[in-house]
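This report concerns only the one structure given below.
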Amino acid sequence: MKIGLLTFPRLTNTFSIGQPTLLAQKLEPSVLYLSPSEGKLEFIEDNKPRHDIDLYLCSVYTRGFNEFVRFSNIVGKDKIIAGGYHATAMPEEVSKYASKVVTGYCDNIDEIIQSKPGIHQGSFGFTHMRRDLIDMSTMKQVYPDIYSNDISGSMVSSVGCPYDCDFCSTPNMSGRKMRTATIDYVIEEINDLIKNKVNTVFIRDESFATHPMVNEIAPLFKDKFKILYSFGTSAVYAKRPEILKTLKNNGWHSLNIGLEDIGVKYKKNLNMKLGVENIHKAGLNHVMSFIVNDQGKTKEEARANYKALYEAFVDLKPLQVCANFLMPFPGTKLWDEHSNRFKAEDFDKFDSKTPLFSEGAFAEWHKRMLVAVQLKYYYSDEYAKFRDFHCGDTLDLRMKELAKEFDLNISWDKLLDLNI
């Protein structure tokens, strides 16, 4: 039996200026964690149906749902087993297009393949990623100090997050209880990354800062990679600065923490200023994700929000700011509040870069402003005090690409004065 592994949206679905771009995040898809004990496996990057494939294992995200539906209508649901975030959140809907739907994680794929059609709860376990099924040299990450010739990779050492942010799908998919991999598992994954010539590694644990075995896990990475970074929470770093010393001593480059919606307080962001200060005192850097909530705001209210974001960037001094519009993904608390606003055809917009609550020219203005607020920070005199942004890394190159796409060849101090 020949088995195809696919992720929806397809891995190559990255565009800029109407053309595919190599300057966008492209990391190993999670479907590579599925490895049946029998059959020949092949990862199908372009998601095109194949006459020689007997069974398709599909990981479905919300943005890829409609692409998945079209694929199912061509190959037939009987040849499909589907799982992933969207399938976990909306299993009944996905079951219309797959013979079997797996919710949650799945280390029992052999059992699922042999089971009867229907919806199945996957069992949890740390399985190894099949990086041999993809071209790792094409894996890239837009990140400070990562360059185009670097090979980016990722891995997990724990699953789950103790926080319950309203925008996050993790509680539905992974739960709030932390589950940790064994030391041997982590060592084997590190060795596989090295085997694949990866030199920049993203530890993609949802909450590495709360890893119960951080003191045992972190030293396993020491002196093995050029760039090493992971998710974190400012609340933890404010309370436990000793963790930061451990990470610094074992080669961490930086930490990803959330600024999120500047008008909302999240438990994980308590004492953010102190957490950031502790990061810097430890000799580490940080990047920050942020959320723009365009719901119900006038243009002037929205502009004030962008200016507040810029001021927060200047105050907290992240190396990078990662932009997202408010996305009420299925399986989140936000979805419970806003699900009546959206139909399946709207799922194509769930890319975090498209405003969902604004329309027409106002939506286009928001998309431009989302890029403008980042450029204003990167090009500012304040940023230049601690880092040369124009260094040719993937972050620099990607922002130049976006500036061209959105026609933002504007003096940096005027970037937030845009009109429709």
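In the structure tokens, chains take letters A, B, ... by order of appearance, with residues numbered from 1 within each chain and ligands from 1 in the order shown.
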Need the shell around His120 (chain A): protein/DNA/RNA residues with any atom at most 9 Å away, counting only C-alpha atoms. Skip same-chain ones fewer than 3 positions apart. Format as a PDB file with N, CA, C and O atoms, in the first residue's frame?
```pdb
ATOM      1  N   LYS A 100     -12.500   8.616   7.848  1.00  0.00           N
ATOM      2  CA  LYS A 100     -12.182   8.596   9.272  1.00  0.00           C
ATOM      3  C   LYS A 100     -11.605   9.950   9.663  1.00  0.00           C
ATOM      4  O   LYS A 100     -10.796  10.520   8.926  1.00  0.00           O
ATOM      5  N   VAL A 101     -12.026  10.432  10.812  1.00  0.00           N
ATOM      6  CA  VAL A 101     -11.522  11.690  11.345  1.00  0.00           C
ATOM      7  C   VAL A 101     -10.890  11.404  12.696  1.00  0.00           C
ATOM      8  O   VAL A 101     -11.477  10.745  13.550  1.00  0.00           O
ATOM      9  N   VAL A 102      -9.652  11.894  12.859  1.00  0.00           N
ATOM     10  CA  VAL A 102      -8.921  11.713  14.111  1.00  0.00           C
ATOM     11  C   VAL A 102      -8.906  13.033  14.863  1.00  0.00           C
ATOM     12  O   VAL A 102      -8.486  14.058  14.313  1.00  0.00           O
ATOM     13  N   THR A 103      -9.345  13.025  16.107  1.00  0.00           N
ATOM     14  CA  THR A 103      -9.291  14.230  16.927  1.00  0.00           C
ATOM     15  C   THR A 103      -8.108  14.149  17.882  1.00  0.00           C
ATOM     16  O   THR A 103      -7.768  13.091  18.389  1.00  0.00           O
ATOM     17  N   ILE A 112      -5.965   3.208  13.698  1.00  0.00           N
ATOM     18  CA  ILE A 112      -6.970   4.011  13.001  1.00  0.00           C
ATOM     19  C   ILE A 112      -7.174   3.492  11.579  1.00  0.00           C
ATOM     20  O   ILE A 112      -8.312   3.389  11.088  1.00  0.00           O
ATOM     21  N   SER A 115      -9.402   0.581  11.595  1.00  0.00           N
ATOM     22  CA  SER A 115     -10.687   0.762  12.267  1.00  0.00           C
ATOM     23  C   SER A 115     -11.819   1.012  11.275  1.00  0.00           C
ATOM     24  O   SER A 115     -11.598   1.223  10.077  1.00  0.00           O
ATOM     25  N   PRO A 117     -14.997   3.206   9.634  1.00  0.00           N
ATOM     26  CA  PRO A 117     -15.186   4.631   9.362  1.00  0.00           C
ATOM     27  C   PRO A 117     -15.860   5.328  10.538  1.00  0.00           C
ATOM     28  O   PRO A 117     -16.632   4.724  11.284  1.00  0.00           O
TER      29      PRO A 117
END
```
Set the distance at 7 Å and use only C-alpha atoms: which residues neighbour Asp145 (chain A) once local chain neighbours fewer than 2 positions away are removed? I'd like the list as JSON, numbers by chain. {"A": [143, 147, 393]}
Got a sec to tell me which of region 241-279 of chain A DSSP assigns to strand (DSSP E or B), as JSON, numbers by chain? {"A": [254, 255, 256, 257, 258, 259, 260, 261]}
Per-residue nearest contacts region 269-363 of chain A to region 55-65 of chain A, cut-off 6 Å, using only C-alpha atoms, as JSON lines:
```
{"residue": "A:Phe347", "atom": "CA", "partner": "A:Arg63", "partner_atom": "CA", "distance": 5.1}
{"residue": "A:Asp348", "atom": "CA", "partner": "A:Arg63", "partner_atom": "CA", "distance": 4.8}
{"residue": "A:Phe350", "atom": "CA", "partner": "A:Arg63", "partner_atom": "CA", "distance": 5.1}
```
Would you kindly return, as a compact mmCIF listing (two decimals) with N, CA and C atoms, in the first residue's frame, each protein, DNA or RNA residue with an atom no farther than 7 Å from any atom of Pro330 (chain A), considering only C-alpha atoms and excluding same-chain residues fewer than 5 positions away?
```
# COMPACT_ATOMS: atom_id res chain seq x y z
N HIS A 86 -8.25 21.72 12.67
CA HIS A 86 -9.63 21.95 12.23
C HIS A 86 -10.48 20.69 12.40
N ALA A 89 -11.46 20.43 15.97
CA ALA A 89 -12.47 21.42 16.36
C ALA A 89 -13.83 21.16 15.74
N TRP A 335 -14.13 31.59 19.08
CA TRP A 335 -15.06 30.97 18.13
C TRP A 335 -16.45 30.84 18.74
```
Let me make sure I understand: among A:Pro219, A:Gly153, A:Pro171, A:Pro355, which one has the smallest atom-to-atom distance to Lys26 (chain A) if we use only C-alpha atoms?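 Among the listed residues, the smallest separation from Lys26 (chain A) belongs to A:Gly153.
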Residue nearest Ala282 (chain A) - candidates A:Asn249, A:Asn73, A:Asn305, A:Thr180, atoms counted: only C-alpha atoms: A:Asn249
Extract, using only C-alpha atoms, all DNA, RNA and protein residues at most 12 Å from Glu311 (chain A), discarding same-chain residues fewer than 4 positions from it, and format them as a tab-separated table (two decimals) with all heavy atoms, in the first residue's frame.
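Written out: out-v6.tsv:
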```
chain	number	residue	atom	x	y	z
A	262	ILE	N	-3.14	44.54	22.61
A	262	ILE	CA	-2.63	45.48	23.61
A	262	ILE	C	-3.71	45.96	24.57
A	262	ILE	O	-3.42	46.45	25.66
A	262	ILE	CB	-1.94	46.67	22.90
A	262	ILE	CG1	-1.03	47.42	23.88
A	262	ILE	CG2	-2.96	47.59	22.25
A	262	ILE	CD1	-0.09	48.38	23.22
A	304	ALA	N	-5.21	54.82	16.55
A	304	ALA	CA	-4.71	54.97	17.91
A	304	ALA	C	-4.17	53.63	18.43
A	304	ALA	O	-3.18	53.59	19.16
A	304	ALA	CB	-5.83	55.49	18.82
A	305	ASN	N	-4.82	52.55	18.04
A	305	ASN	CA	-4.36	51.22	18.44
A	305	ASN	C	-3.00	50.91	17.83
A	305	ASN	O	-2.10	50.37	18.51
A	305	ASN	CB	-5.39	50.17	18.00
A	305	ASN	CG	-5.13	48.81	18.60
A	305	ASN	OD1	-5.48	48.54	19.73
A	305	ASN	ND2	-4.51	47.94	17.81
A	306	TYR	N	-2.81	51.24	16.56
A	306	TYR	CA	-1.52	51.01	15.91
A	306	TYR	C	-0.42	51.86	16.56
A	306	TYR	O	0.71	51.39	16.76
A	306	TYR	CB	-1.60	51.32	14.41
A	306	TYR	CG	-2.34	50.25	13.62
A	306	TYR	CD1	-3.58	50.51	13.05
A	306	TYR	CD2	-1.80	48.98	13.45
A	306	TYR	CE1	-4.26	49.54	12.33
A	306	TYR	CE2	-2.47	48.00	12.73
A	306	TYR	CZ	-3.70	48.29	12.17
A	306	TYR	OH	-4.37	47.32	11.46
A	307	LYS	N	-0.76	53.09	16.91
A	307	LYS	CA	0.23	53.95	17.57
A	307	LYS	C	0.60	53.41	18.95
A	307	LYS	O	1.76	53.46	19.37
A	307	LYS	CB	-0.30	55.38	17.65
A	307	LYS	CG	-0.35	56.07	16.29
A	307	LYS	CD	-0.82	57.51	16.39
A	307	LYS	CE	-0.77	58.18	15.02
A	307	LYS	NZ	-1.24	59.59	15.06
A	315	ASP	N	9.08	50.58	23.82
A	315	ASP	CA	9.29	50.39	25.26
A	315	ASP	C	9.91	49.03	25.58
A	315	ASP	O	10.83	48.92	26.39
A	315	ASP	CB	7.95	50.52	25.98
A	315	ASP	CG	8.09	50.36	27.49
A	315	ASP	OD1	9.04	50.92	28.07
A	315	ASP	OD2	7.25	49.67	28.09
A	316	LEU	N	9.45	47.98	24.87
A	316	LEU	CA	9.86	46.61	25.21
A	316	LEU	C	11.04	46.11	24.39
A	316	LEU	O	11.66	45.11	24.73
A	316	LEU	CB	8.67	45.67	25.05
A	316	LEU	CG	7.49	45.96	25.99
A	316	LEU	CD1	6.26	45.17	25.59
A	316	LEU	CD2	7.86	45.67	27.44
A	317	LYS	N	11.33	46.74	23.28
A	317	LYS	CA	12.52	46.49	22.46
A	317	LYS	C	12.70	45.04	21.99
A	317	LYS	O	13.76	44.46	22.15
A	317	LYS	CB	13.78	46.95	23.21
A	317	LYS	CG	13.79	48.45	23.51
A	317	LYS	CD	14.99	48.85	24.31
A	317	LYS	CE	15.05	50.36	24.48
A	317	LYS	NZ	13.82	50.93	25.10
A	318	PRO	N	11.69	44.46	21.36
A	318	PRO	CA	11.88	43.13	20.77
A	318	PRO	C	12.72	43.21	19.50
A	318	PRO	O	12.72	44.23	18.80
A	318	PRO	CB	10.45	42.69	20.44
A	318	PRO	CG	9.70	43.97	20.23
A	318	PRO	CD	10.31	44.96	21.18
A	373	VAL	N	3.11	49.41	10.71
A	373	VAL	CA	3.51	49.54	12.10
A	373	VAL	C	4.79	48.75	12.38
A	373	VAL	O	5.63	49.16	13.19
A	373	VAL	CB	2.37	49.13	13.05
A	373	VAL	CG1	2.14	47.61	13.05
A	373	VAL	CG2	2.65	49.61	14.48
A	374	GLN	N	4.96	47.65	11.68
A	374	GLN	CA	6.20	46.89	11.82
A	374	GLN	C	7.38	47.65	11.21
A	374	GLN	O	8.45	47.77	11.82
A	374	GLN	CB	6.06	45.53	11.14
A	374	GLN	CG	5.00	44.63	11.77
A	374	GLN	CD	4.77	43.39	10.93
A	374	GLN	OE1	5.54	42.44	10.98
A	374	GLN	NE2	3.69	43.39	10.15
A	376	LYS	N	7.66	50.84	10.67
A	376	LYS	CA	7.95	52.04	11.46
A	376	LYS	C	8.89	51.70	12.61
A	376	LYS	O	9.84	52.44	12.88
A	376	LYS	CB	6.66	52.66	12.00
A	376	LYS	CG	6.88	53.95	12.79
A	376	LYS	CD	5.57	54.55	13.22
A	376	LYS	CE	5.78	55.78	14.11
A	376	LYS	NZ	6.35	56.92	13.38
A	377	TYR	N	8.65	50.57	13.25
A	377	TYR	CA	9.52	50.17	14.36
A	377	TYR	C	10.91	49.78	13.87
A	377	TYR	O	11.92	50.25	14.39
A	377	TYR	CB	8.85	49.02	15.11
A	377	TYR	CG	9.72	48.42	16.20
A	377	TYR	CD1	10.19	49.20	17.25
A	377	TYR	CD2	10.05	47.06	16.18
A	377	TYR	CE1	10.98	48.66	18.26
A	377	TYR	CE2	10.84	46.51	17.18
A	377	TYR	CZ	11.30	47.31	18.21
A	377	TYR	OH	12.10	46.78	19.20
A	380	SER	N	13.01	52.73	12.74
A	380	SER	CA	13.08	53.86	13.67
A	380	SER	C	14.48	54.04	14.25
A	380	SER	O	15.31	53.12	14.28
A	380	SER	CB	12.10	53.64	14.83
A	380	SER	OG	12.54	52.57	15.66
A	382	GLU	N	14.96	54.39	17.33
A	382	GLU	CA	14.97	53.61	18.58
A	382	GLU	C	15.48	52.19	18.33
A	382	GLU	O	16.27	51.67	19.11
A	382	GLU	CB	13.57	53.59	19.19
A	382	GLU	CG	13.07	54.92	19.68
A	382	GLU	CD	13.96	55.51	20.77
A	382	GLU	OE1	14.43	54.74	21.63
A	382	GLU	OE2	14.21	56.73	20.74
A	383	TYR	N	15.03	51.58	17.26
A	383	TYR	CA	15.50	50.22	16.95
A	383	TYR	C	16.98	50.23	16.60
A	383	TYR	O	17.74	49.33	17.00
A	383	TYR	CB	14.69	49.64	15.78
A	383	TYR	CG	14.92	48.16	15.52
A	383	TYR	CD1	14.12	47.20	16.11
A	383	TYR	CD2	15.96	47.74	14.69
A	383	TYR	CE1	14.33	45.85	15.88
A	383	TYR	CE2	16.18	46.39	14.45
A	383	TYR	CZ	15.36	45.45	15.04
A	383	TYR	OH	15.59	44.11	14.81
A	416	LEU	N	2.50	55.74	10.01
A	416	LEU	CA	1.18	55.51	10.61
A	416	LEU	C	0.18	56.61	10.26
A	416	LEU	O	-0.91	56.66	10.83
A	416	LEU	CB	1.30	55.36	12.13
A	416	LEU	CG	2.11	54.15	12.60
A	416	LEU	CD1	2.01	53.98	14.11
A	416	LEU	CD2	1.64	52.88	11.91
```
Report as a VMD selection string all protein, DNA and RNA residues lying within 10 Å of Leu334 (chain A), evaluated on only C-alpha atoms, omitting residues in the same chain fewer than 6 positions from it. chain A and resid 165 to 169 326 to 328
Filtering to N, CA and C atoms, could you give me those residues as a compact mmCIF listing (two decimals), in the first residue's frame?
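Result went into again09.txt, see below:
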```
# COMPACT_ATOMS: atom_id res chain seq x y z
N CYS A 165 -5.68 31.19 26.91
CA CYS A 165 -5.95 32.40 26.14
C CYS A 165 -7.12 32.17 25.19
N ASP A 166 -7.98 33.17 25.06
CA ASP A 166 -9.21 33.01 24.30
C ASP A 166 -8.99 32.81 22.81
N PHE A 167 -7.82 33.21 22.29
CA PHE A 167 -7.55 33.11 20.86
C PHE A 167 -6.84 31.82 20.47
N CYS A 168 -6.46 31.00 21.44
CA CYS A 168 -5.54 29.89 21.19
C CYS A 168 -6.25 28.54 21.07
N SER A 169 -5.83 27.74 20.09
CA SER A 169 -6.40 26.42 19.86
C SER A 169 -5.74 25.33 20.70
N LEU A 326 -6.97 39.56 14.72
CA LEU A 326 -7.76 38.73 15.61
C LEU A 326 -8.45 37.62 14.81
N MET A 327 -8.17 36.37 15.17
CA MET A 327 -8.70 35.21 14.45
C MET A 327 -9.48 34.31 15.42
N PRO A 328 -10.80 34.30 15.33
CA PRO A 328 -11.59 33.39 16.17
C PRO A 328 -11.62 31.97 15.58
```
Would you mind telling me which residue in A:Asp223, A:Met155, A:Ala363, A:Val69 lies nearest to Thr298 (chain A) when using only C-alpha atoms? A:Ala363
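Considering the residues A:Ile227, A:Ile113, A:Val186, A:Ala308 and counting only C-alpha atoms, Met213 (chain A) has its shortest atom-to-atom contact with A:Val186.
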From the DSSP assignment of the backbone, select every residue of region 314-357 of chain A that is alpha helix (DSSP H), and format the answer as a PyMOL selection string. chain A and resi 314-316+333-338
For region 197-206 of chain A: contacts at 6 Å, only C-alpha atoms, fewer than 4 positions along chain excluded, given as a list of chain:residue names: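 Final neighbour list, sorted by chain and number: A:Ile151, A:Ser152, A:Gly153, A:Ser154, A:Met155, A:Val156, A:Ser158, A:Val159, A:Cys161, A:Leu193, A:Phe225, A:Lys226, A:Ile227, A:Leu228, A:Tyr229, A:Ser230.
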Output for the residues just chosen: all heavy atoms as a CSV table (one decimal), in the first residue's frame:
```csv
chain,number,residue,atom,x,y,z
A,151,ILE,N,19.5,26.5,7.1
A,151,ILE,CA,18.4,25.5,7.0
A,151,ILE,C,17.7,25.4,8.4
A,151,ILE,O,18.3,25.2,9.4
A,151,ILE,CB,19.0,24.1,6.7
A,151,ILE,CG1,19.7,24.1,5.3
A,151,ILE,CG2,17.9,23.0,6.7
A,151,ILE,CD1,20.3,22.8,4.9
A,152,SER,N,16.4,25.7,8.4
A,152,SER,CA,15.6,25.8,9.6
A,152,SER,C,14.9,24.5,9.8
A,152,SER,O,14.4,23.8,8.9
A,152,SER,CB,14.7,27.0,9.5
A,152,SER,OG,15.3,28.2,9.4
A,153,GLY,N,14.8,24.1,11.1
A,153,GLY,CA,14.1,22.9,11.5
A,153,GLY,C,13.4,23.2,12.8
A,153,GLY,O,13.6,24.2,13.5
A,154,SER,N,12.6,22.2,13.3
A,154,SER,CA,11.9,22.4,14.5
A,154,SER,C,11.7,21.0,15.2
A,154,SER,O,11.9,20.0,14.5
A,154,SER,CB,10.5,23.1,14.2
A,154,SER,OG,9.7,22.2,13.4
A,155,MET,N,11.3,21.1,16.4
A,155,MET,CA,11.0,19.8,17.1
A,155,MET,C,10.2,20.2,18.4
A,155,MET,O,10.1,21.4,18.8
A,155,MET,CB,12.2,19.1,17.6
A,155,MET,CG,13.2,19.9,18.5
A,155,MET,SD,14.4,18.9,19.3
A,155,MET,CE,13.4,18.0,20.5
A,156,VAL,N,9.6,19.2,19.0
A,156,VAL,CA,8.9,19.4,20.3
A,156,VAL,C,9.5,18.5,21.4
A,156,VAL,O,10.0,17.5,21.1
A,156,VAL,CB,7.4,19.1,20.2
A,156,VAL,CG1,6.7,20.0,19.2
A,156,VAL,CG2,7.2,17.6,19.8
A,158,SER,N,7.8,18.9,24.6
A,158,SER,CA,6.6,18.9,25.5
A,158,SER,C,5.4,19.3,24.7
A,158,SER,O,5.5,20.0,23.7
A,158,SER,CB,6.8,19.7,26.7
A,158,SER,OG,6.8,21.1,26.4
A,159,VAL,N,4.2,19.0,25.3
A,159,VAL,CA,3.0,19.3,24.6
A,159,VAL,C,2.0,19.8,25.7
A,159,VAL,O,2.0,19.3,26.8
A,159,VAL,CB,2.3,18.1,23.9
A,159,VAL,CG1,0.9,18.4,23.5
A,159,VAL,CG2,3.2,17.8,22.7
A,161,CYS,N,-0.3,23.5,27.4
A,161,CYS,CA,0.0,24.8,27.9
A,161,CYS,C,-0.9,25.1,29.1
A,161,CYS,O,-2.1,24.9,29.0
A,161,CYS,CB,-0.2,25.9,26.8
A,161,CYS,SG,0.1,27.6,27.4
A,193,LEU,N,17.9,16.2,13.5
A,193,LEU,CA,18.1,17.6,12.9
A,193,LEU,C,19.5,17.8,12.4
A,193,LEU,O,19.7,18.3,11.4
A,193,LEU,CB,17.7,18.6,14.0
A,193,LEU,CG,16.2,18.7,14.4
A,193,LEU,CD1,16.1,19.5,15.7
A,193,LEU,CD2,15.5,19.4,13.2
A,225,PHE,N,23.7,24.0,17.6
A,225,PHE,CA,23.1,24.8,16.6
A,225,PHE,C,23.5,26.2,16.6
A,225,PHE,O,23.8,26.8,17.6
A,225,PHE,CB,21.5,24.7,16.7
A,225,PHE,CG,21.0,23.2,16.7
A,225,PHE,CD1,20.7,22.6,17.9
A,225,PHE,CD2,21.0,22.5,15.5
A,225,PHE,CE1,20.2,21.3,17.9
A,225,PHE,CE2,20.5,21.2,15.5
A,225,PHE,CZ,20.1,20.6,16.7
A,226,LYS,N,23.4,26.9,15.4
A,226,LYS,CA,23.8,28.3,15.3
A,226,LYS,C,22.7,29.2,16.0
A,226,LYS,O,23.1,30.1,16.7
A,226,LYS,CB,23.9,28.6,13.8
A,226,LYS,CG,24.0,30.1,13.5
A,226,LYS,CD,23.9,30.4,12.0
A,226,LYS,CE,23.6,31.8,11.7
A,226,LYS,NZ,23.4,32.1,10.3
A,227,ILE,N,21.4,28.9,15.7
A,227,ILE,CA,20.4,29.7,16.3
A,227,ILE,C,19.4,28.7,17.0
A,227,ILE,O,19.0,27.7,16.4
A,227,ILE,CB,19.6,30.5,15.3
A,227,ILE,CG1,20.5,31.5,14.6
A,227,ILE,CG2,18.4,31.2,15.9
A,227,ILE,CD1,20.9,32.7,15.4
A,228,LEU,N,19.0,29.0,18.2
A,228,LEU,CA,18.1,28.2,19.0
A,228,LEU,C,17.1,29.1,19.7
A,228,LEU,O,17.5,30.0,20.4
A,228,LEU,CB,18.9,27.4,20.0
A,228,LEU,CG,18.2,26.3,20.8
A,228,LEU,CD1,17.6,25.2,19.9
A,228,LEU,CD2,19.1,25.7,21.9
A,229,TYR,N,15.8,28.8,19.5
A,229,TYR,CA,14.8,29.7,20.1
A,229,TYR,C,13.5,28.9,20.4
A,229,TYR,O,13.3,27.8,19.9
A,229,TYR,CB,14.5,30.9,19.2
A,229,TYR,CG,14.1,30.6,17.8
A,229,TYR,CD1,12.7,30.8,17.4
A,229,TYR,CD2,15.0,30.2,16.9
A,229,TYR,CE1,12.3,30.5,16.1
A,229,TYR,CE2,14.6,29.9,15.6
A,229,TYR,CZ,13.3,30.1,15.2
A,229,TYR,OH,12.9,29.8,13.9
A,230,SER,N,12.7,29.4,21.3
A,230,SER,CA,11.5,28.7,21.8
A,230,SER,C,10.5,29.7,22.2
A,230,SER,O,10.7,30.9,22.5
A,230,SER,CB,11.9,27.7,22.9
A,230,SER,OG,12.4,28.5,24.0
```
Can you tell me how far CA of Ile410 (chain A) sits from CA of Val371 (chain A), in Å to one decimal?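 Atom-to-atom, CA of Ile410 (chain A) to CA of Val371 (chain A), that is 12.1 Å.
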Report the distance between CA of Lys96 (chain A) and CA of Asn66 (chain A) in Å, rounded to one decimal place.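 Atom-to-atom, CA of Lys96 (chain A) to CA of Asn66 (chain A), that is 12.4 Å.
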How many Å separate CA of Ile74 (chain A) from CA of Ile109 (chain A)? 23.7 Å
Residue with smallest distance to Asp184 (chain A) - pool A:Met272, A:Pro162, A:Thr210, A:Leu220, counting only C-alpha atoms: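 For Asp184 (chain A), the nearest of the given residues is A:Leu220.
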Skipping near chain neighbours, those fewer than 3 positions away, what residues fall within 7 Å of Asn285 (chain A) using only C-alpha atoms, listed as a PyMOL selection string? chain A and resi 253-255+279-280+319
Those same residues - all heavy atoms - I'd like them written as a PDB file, in the first residue's frame.
```
ATOM      1  N   HIS A 253      19.288  31.663  21.632  1.00  0.00           N
ATOM      2  CA  HIS A 253      19.434  32.953  20.969  1.00  0.00           C
ATOM      3  C   HIS A 253      18.374  33.932  21.453  1.00  0.00           C
ATOM      4  O   HIS A 253      18.655  35.098  21.726  1.00  0.00           O
ATOM      5  CB  HIS A 253      19.313  32.762  19.449  1.00  0.00           C
ATOM      6  CG  HIS A 253      19.193  34.019  18.644  1.00  0.00           C
ATOM      7  ND1 HIS A 253      17.975  34.638  18.408  1.00  0.00           N
ATOM      8  CD2 HIS A 253      20.113  34.777  17.985  1.00  0.00           C
ATOM      9  CE1 HIS A 253      18.164  35.703  17.647  1.00  0.00           C
ATOM     10  NE2 HIS A 253      19.451  35.811  17.375  1.00  0.00           N
ATOM     11  N   SER A 254      17.120  33.442  21.571  1.00  0.00           N
ATOM     12  CA  SER A 254      16.012  34.329  21.889  1.00  0.00           C
ATOM     13  C   SER A 254      14.783  33.533  22.301  1.00  0.00           C
ATOM     14  O   SER A 254      14.750  32.304  22.210  1.00  0.00           O
ATOM     15  CB  SER A 254      15.681  35.216  20.682  1.00  0.00           C
ATOM     16  OG  SER A 254      15.494  34.420  19.528  1.00  0.00           O
ATOM     17  N   LEU A 255      13.767  34.279  22.726  1.00  0.00           N
ATOM     18  CA  LEU A 255      12.519  33.695  23.191  1.00  0.00           C
ATOM     19  C   LEU A 255      11.343  34.402  22.525  1.00  0.00           C
ATOM     20  O   LEU A 255      11.356  35.624  22.368  1.00  0.00           O
ATOM     21  CB  LEU A 255      12.405  33.840  24.716  1.00  0.00           C
ATOM     22  CG  LEU A 255      13.562  33.217  25.496  1.00  0.00           C
ATOM     23  CD1 LEU A 255      13.656  33.811  26.884  1.00  0.00           C
ATOM     24  CD2 LEU A 255      13.400  31.708  25.563  1.00  0.00           C
ATOM     25  N   ILE A 279      14.801  38.950  30.782  1.00  0.00           N
ATOM     26  CA  ILE A 279      15.347  38.352  29.560  1.00  0.00           C
ATOM     27  C   ILE A 279      16.623  39.087  29.148  1.00  0.00           C
ATOM     28  O   ILE A 279      17.645  38.475  28.848  1.00  0.00           O
ATOM     29  CB  ILE A 279      14.301  38.390  28.424  1.00  0.00           C
ATOM     30  CG1 ILE A 279      13.165  37.403  28.711  1.00  0.00           C
ATOM     31  CG2 ILE A 279      14.956  38.064  27.073  1.00  0.00           C
ATOM     32  CD1 ILE A 279      11.993  37.515  27.756  1.00  0.00           C
ATOM     33  N   HIS A 280      16.554  40.408  29.144  1.00  0.00           N
ATOM     34  CA  HIS A 280      17.710  41.200  28.721  1.00  0.00           C
ATOM     35  C   HIS A 280      18.861  41.101  29.725  1.00  0.00           C
ATOM     36  O   HIS A 280      20.029  41.039  29.324  1.00  0.00           O
ATOM     37  CB  HIS A 280      17.282  42.660  28.532  1.00  0.00           C
ATOM     38  CG  HIS A 280      16.345  42.858  27.389  1.00  0.00           C
ATOM     39  ND1 HIS A 280      15.612  44.009  27.202  1.00  0.00           N
ATOM     40  CD2 HIS A 280      15.989  42.037  26.367  1.00  0.00           C
ATOM     41  CE1 HIS A 280      14.875  43.910  26.119  1.00  0.00           C
ATOM     42  NE2 HIS A 280      15.080  42.715  25.589  1.00  0.00           N
ATOM     43  N   LEU A 319      13.421  42.121  19.186  1.00  0.00           N
ATOM     44  CA  LEU A 319      14.158  42.056  17.921  1.00  0.00           C
ATOM     45  C   LEU A 319      13.204  41.987  16.742  1.00  0.00           C
ATOM     46  O   LEU A 319      13.503  42.465  15.659  1.00  0.00           O
ATOM     47  CB  LEU A 319      15.057  40.816  17.889  1.00  0.00           C
ATOM     48  CG  LEU A 319      16.225  40.726  18.857  1.00  0.00           C
ATOM     49  CD1 LEU A 319      17.065  39.505  18.519  1.00  0.00           C
ATOM     50  CD2 LEU A 319      17.067  41.985  18.827  1.00  0.00           C
TER      51      LEU A 319
END
```
